[in-house]
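K.L.:
I have a structure here, written as structure tokens, and I will follow up with some questions on it.
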Protein chains: 6
Amino acid sequence: MIDIHRWLEEDIGWGDATSEAIVPPYQTCTASITTKQAGVCAGLDAAIDIFTCTDRTLRFTRTTTDGAPITIGQTIARIYGNTRSILRAERLALNVLQRMSGIATQTKRYVDAVALHGTRIALTRKTTPGLRILERNAVRAGGGAVHRYGLCDAMLIKDNHIRAAGSIVDAIRLARAHASHMMAVAVEVDTFEQLHAVLAHPEYRVDCILLDNMDVDAVAQAVSLIKYKRQDCIVEVSGGITLDNVAQYAAAGCDIVSIGALTHSVRALDISLDIEETDV
Amino acid sequence: MIDIHRWLEEDIGWGDATSEAIVPPYQTCTASITTKQAGVCAGLDAAIDIFTCTDRTLRFTRTTTDGAPITIGQTIARIYGNTRSILRAERLALNVLQRMSGIATQTKRYVDAVALHGTRIALTRKTTPGLRILERNAVRAGGGAVHRYGLCDAMLIKDNHIRAAGSIVDAIRLARAHASHMMAVAVEVDTFEQLHAVLAHPEYRVDCILLDNMDVDAVAQAVSLIKYKRQDCIVEVSGGITLDNVAQYAAAGCDIVSIGALTHSVRALDISLDIEETDV
Amino acid sequence: MIDIHRWLEEDIGWGDATSEAIVPPYQTCTASITTKQAGVCAGLDAAIDIFTCTDRTLRFTRTTTDGAPITIGQTIARIYGNTRSILRAERLALNVLQRMSGIATQTKRYVDAVALHGTRIALTRKTTPGLRILERNAVRAGGGAVHRYGLCDAMLIKDNHIRAAGSIVDAIRLARAHASHMMAVAVEVDTFEQLHAVLAHPEYRVDCILLDNMDVDAVAQAVSLIKYKRQDCIVEVSGGITLDNVAQYAAAGCDIVSIGALTHSVRALDISLDIEETDV
Amino acid sequence: MIDIHRWLEEDIGWGDATSEAIVPPYQTCTASITTKQAGVCAGLDAAIDIFTCTDRTLRFTRTTTDGAPITIGQTIARIYGNTRSILRAERLALNVLQRMSGIATQTKRYVDAVALHGTRIALTRKTTPGLRILERNAVRAGGGAVHRYGLCDAMLIKDNHIRAAGSIVDAIRLARAHASHMMAVAVEVDTFEQLHAVLAHPEYRVDCILLDNMDVDAVAQAVSLIKYKRQDCIVEVSGGITLDNVAQYAAAGCDIVSIGALTHSVRALDISLDIEETDV
Amino acid sequence: MIDIHRWLEEDIGWGDATSEAIVPPYQTCTASITTKQAGVCAGLDAAIDIFTCTDRTLRFTRTTTDGAPITIGQTIARIYGNTRSILRAERLALNVLQRMSGIATQTKRYVDAVALHGTRIALTRKTTPGLRILERNAVRAGGGAVHRYGLCDAMLIKDNHIRAAGSIVDAIRLARAHASHMMAVAVEVDTFEQLHAVLAHPEYRVDCILLDNMDVDAVAQAVSLIKYKRQDCIVEVSGGITLDNVAQYAAAGCDIVSIGALTHSVRALDISLDIEETDV
Amino acid sequence: MIDIHRWLEEDIGWGDATSEAIVPPYQTCTASITTKQAGVCAGLDAAIDIFTCTDRTLRFTRTTTDGAPITIGQTIARIYGNTRSILRAERLALNVLQRMSGIATQTKRYVDAVALHGTRIALTRKTTPGLRILERNAVRAGGGAVHRYGLCDAMLIKDNHIRAAGSIVDAIRLARAHASHMMAVAVEVDTFEQLHAVLAHPEYRVDCILLDNMDVDAVAQAVSLIKYKRQDCIVEVSGGITLDNVAQYAAAGCDIVSIGALTHSVRALDISLDIEETDV
């Protein structure tokens, strides 16, 4: 699904001018990948795929796996093989590894914050174009949960759909009629008026109600209402969630908190690659 | 260069299940793109390309352009056309627009911070895989300068190349011998020992010296040294630069400050799309 | 999703030797698409896409739509434009149209057979490689229902998964633990022993139970059992269903009958394209 | 030529949700491919390519080859390797294998029916989009002959070309003038009037005359005429051929019978894949 | 078939740095394409496709067509539209136009040299990778004939096949048995011994005999032999043909002379593009 | 960067009809690649890549490398493996090898002609679409120098840019303002008037001045002028250079001579592939 060849081509173009000039073509080396910040490792499999995609003869040892905690100065992997190949892939591999570890690290903070409540932290579709599968795995690596992957694997009725359909009840009715028996239907509600409308029509089953941009009190009240009327309906909360308030939302009784910032506002974790020794 | 079709496929898969169920196939609408945070606009051309790529019959009006300041609540563009098409592209277009505007906004802060000194703020190769051209344009939109695009359009000798070559002077000699007459050669120095070695060999021209991870005083001293010995050599600084210290680095006399965080640690600007009215 | 360019390339290679030799390059014509068998129309949109993909200047009129009944000798569409373009696309367009109309026609027969019982007829994943979206639409055109699209949009636990997991209960437990809150989980049972095991663990919710290769009596018994214990669980039947026995299965109370033969053993509907007149 | 990657992507999307949840990532197994109907094997090479394309480390043993007869319950191949990989490829591989074996089996019936007469049974261009090379090989596996592959490797003048050219003689003249010395020219005739016109112009050589939709008597008469006037011209018959009448057509003296239904109306042969044992 | 997008990407990479810096984004201009050498025009359609592929809004007027003679200083086309777009495509379009016109011009010289004898001049498969269809059309533009396109559309038995088969007669027998009734079979002979062997087996029809690397006298003798024994067999000559001796070969009675140098050793015709005027 | 798969597909289409008919599927052989003309070897790596791309199990021995002189009758490589695979790749591999060796051979002649003067011989962008990287390497193999790769890796201001900008000085000013600190700027001058304008503005640095279509005397005069005013500016000469006059241009003092004909008007070197022996 990820297009490593295209990403390499973006960075390399017709060739790595510097290395082709300076590095002997058959030189091999040992290079280490070392973290400069503590956090949670993610993207290591992808990084190794990138190196392998550049040169199938590269070899690896790794001291950690996606999802494991990493400490400052930890060498998380070593690479053995052609120096030019390693340098061609270096920047792309690090760009992926740094970003994914940044995502996992931040996810972990949210997960820890709600650990007492058993609430799940999930990503949204606000991922980086072309990197969704990696970012999804990074959220899992940080202990988070996944969501629908994209537009085709579940129905989520949002404000724009409601406007297009005319009313929230019509939207749900149409969704349920069109869905296969294997497809979940969720609906986003912004107001209690919408929520009451949804709950007033049990004949149109919704698998999940997403409370959008509500404050903690409103969420608590909405959760009570939903759980009373539709015991098996999942309650998801999204919008305005931060590390500071996520625990309160969790305490309000929702099942899932989904957070766009996990993937749209990432701080990369600092990780570097160093040639340790070269073999003539 | 950017692969909009693939990005759309990532999000849509075999189809937009919700909209296909709910939105009438020939319904048209007017949708507005509105900012929820102030900053600098970037990625608007790309966002419009994404909509157009989904459906060539969509039409647009826009009230701003990449590089212009945007205010909270400003409607920066309106889209007219098939509702389903607009909803298919919505998330991808916003993901790009939010990220690029976030980059431009942050770049502008750095550019403003060094405005007195005439120093240029540049991006690095620490961009998101597949999005380099967009992120490069976003940095320009924020007033920043560009750098070499990738590995093929200029030589930048870094620590790993020096280790592979055996010495910094050998690395420069080899680079210059291999470079076409149209290719620039830069060298990264971490220490004054390296800097002296470079300056001791004027027969191997370097177009730019990159001071890596030096503190402000060291940079000031290095700049003096370089400008004394090689008047036409550009001095670039990178590593450890923040909004707090960038003005000091600029004051130290360097020509260029390049900042990986401009693209590797982005805060997306909050921007949304709303259907304003639908036409039957 | 479908790769018309590749399909055209398969048929055309470096060019249409016959037409390039015989047909004047700028000749235009009117061509009609006419059915030679009665049935249900499907694939007409795709056929028109194929012509358009060959030459954007072709124009169309159509007298029917996907899902409508068609009679022998009915002209379902006319095409106007460059003769060479029409002949390049002819075979591919007809191959698609004939196959899809064949699928819709056969689906309609099954749907009619169970109409009294309100049972839904669905396709399976036994579709033709590369044509799933078209075949899915053809089944809909015939009045059928859809199923999960592929491996990523719902979980269906089959015999091989059960063997890999060790037991059917373990398989369900693992599936539920890994699934997002938006993903359905179904389980295929071949025996009553398996069915009892599933029903004995209500803590692992399954959205659908698929009764595989059971005779009508067994299905009736299983349906009673399931509806008694898990009122909201959907019951699907598959394996060994024919036009002769499908009504009995429907009468046995299942919700869905899924039929691989709808797409794996298709009889194409006979449809032809004829040039009606040429314009110099 | 066939696009296995795309076909896998169609079925798998972003991942095999069920197996990723249930099957341990490093589990290996032995799986058998077993027929549930007798017939002729075809597509086995392609099926193995599909598995290999999913995972290069899978290993195979096979007890038969394309073109060989297969019996009910015969295990035609075994696969050893990663369970997840085998399950990812299972459905696609079976879809191909079932369809191709269905084609070979049906072809064999036609070939057997005309065996006494030495007539060849050939496929047409009415193949499934994207699968032509496989279906062509399946026809060969069943003992059938091939035809031109597509529009570029031979000229076949059909009714629409004749209408575009104005007359059948003009069409042949233009085709011959444009053809390289390595390209065959065939012409389809629907009437004796057309046939006489073709035979009246020996200066425009045609390598093959295709008698379209003629009854057996007409074919017999046409064959006599052609063989008398153009001894070395091949006579092909197409249209309205069934297993019931194909022997009569063969007896009428034609060289080739081409049958669209071999590939456009296939009954898949029932074949399944079962995990026999798993290794921890 | 030709991959203009890829060719443009090769030349442009991430952008046209010079024009983006210098040419205003919305400037339009009129540019002329002018020949600096006389010859035969070819590749003009392809050149226009390249411009169109860069920017669909470009407009063209043309004063000649592929196959027409062109004189020194002739403006063969004018382009109107966005200056940046024209400059992006300029080099690629000229590279194609110059090469194809060079091929057509040289082909015309060969064709003129044998005009008295009615011999056809044909290209071979010694074309430039990726450009075969264009070079084939260029040979036609120069009055030449085409050959089989590639390995799939006719059989040509060469020395390496004969060695693999064991004998020339075995090779022909196998080829004929495997060929469809629509596929021509040619055989290359280097010696009279081979020629006699071929002629001794009339039961294995060959459509064409290719005399490889024979001198004029040998060709004359071989032609007599072939035409005596197999009146309808085409005789092709190849190897060692130059403008100086091609007329003699033609006089020796062969039907076709095929010349690799037409496409493997091309002199580009000098053609340039000049901006005539810009519109603000 | 080069698209071997596409090139193979161009030549092979759906299959190698001749070899599939004649050569046993599992036959292996030893084949030799032998030169029939003396020159400089180039493209051998690419040729081997082409064989490998067809069949990963082929094995090679080679007696020379790109850049080495080759003599008539020299066997430069041997290939071991499946005969059909070797024959599928033969023509494409030879087409590349012959062309690249032709380029290297001709480059070597130019390089030798100016060897006394230390002038560099460089290619231009007048390369064959899709083959630039190979042709660039072939020029290097012949001892030549490279130039900018394409439009994105350096700025070269040409006559059309000057017309678009209004004046040569404006063009240079804009280029320098837009260029990153890592990008070279060159300007093409056709007249002394232009040259004086360039030299009159030292504030807009140009890294290279390209003297276009000037005679030897003019070049000598221009070189003096440039070296007097801008010591570090490189002087490149292009246009009208032949093997007869290149030494005079070199003697006139320019640094680089760039020659379009190196790649746009190539004479292929004659190289053939012969099966030496087959193993049953």
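Letters A, B, ... mark the chains of the structure tokens in the order given; residue numbers begin at 1 per chain; ligand numbers begin at 1, in order shown.
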Residues of chain B were defined as contacting chain D if any atom lay at most 12 Å from it, counting only C-alpha atoms; please report them as an NGL selection string.
P.N.:
:B and (9-15)
K.L.:
Would you list, as number ranges by chain, the residues of stretch 98-190 of chain B that end up in strand (DSSP E or B) under DSSP run on this structure's backbone?
P.N.:
B: 120-122, 145, 155-157, 183, 185-189
K.L.:
Can you pull out the residues contacting B:Gly130? Cut-off 12 Å, using only C-alpha atoms, and skip same-chain residues under 6 positions away; I want them as a PyMOL selection string.
P.N.:
(chain A and resi 2-11+92+95-96+128-131) or (chain B and resi 1-4+6-7+96+136) or (chain E and resi 14)
K.L.:
Can you pull out the residues contacting stretch 49-59 of chain F? Cut-off 6 Å, using only C-alpha atoms, and skip same-chain residues under 3 positions away; I want them as a PyMOL selection string.
P.N.:
chain F and resi 46+79-81+89
K.L.:
With only C-alpha atoms as the counted atoms, please give the residues lying no more than 12 Å from C:Gln106, apart from itself and same-chain residues fewer than 6 positions off, as JSON, numbers by chain.
P.N.:
{"C": [38, 39, 40, 41, 42, 99, 100, 112, 113, 121, 123, 138, 139, 140, 141, 142, 143, 144, 242, 243, 259, 260, 261, 262, 263, 264, 265, 266, 267, 268, 269]}
K.L.:
Measure the distance from atom CA of A:Ile86 to atom CA of A:Pro69 in Å and round it to one decimal.
P.N.:
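The value is 25.3 Å.
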K.L.:
Considering only C-alpha atoms, return as a ChimeraX atom specification whatever protein or nucleic-acid residues lie within 7 Å of stretch 201-212 of chain C, sequence-local ones (same chain, fewer than 4 positions apart) excluded.
P.N.:
/C:172-173,176,184-190,197,233-239
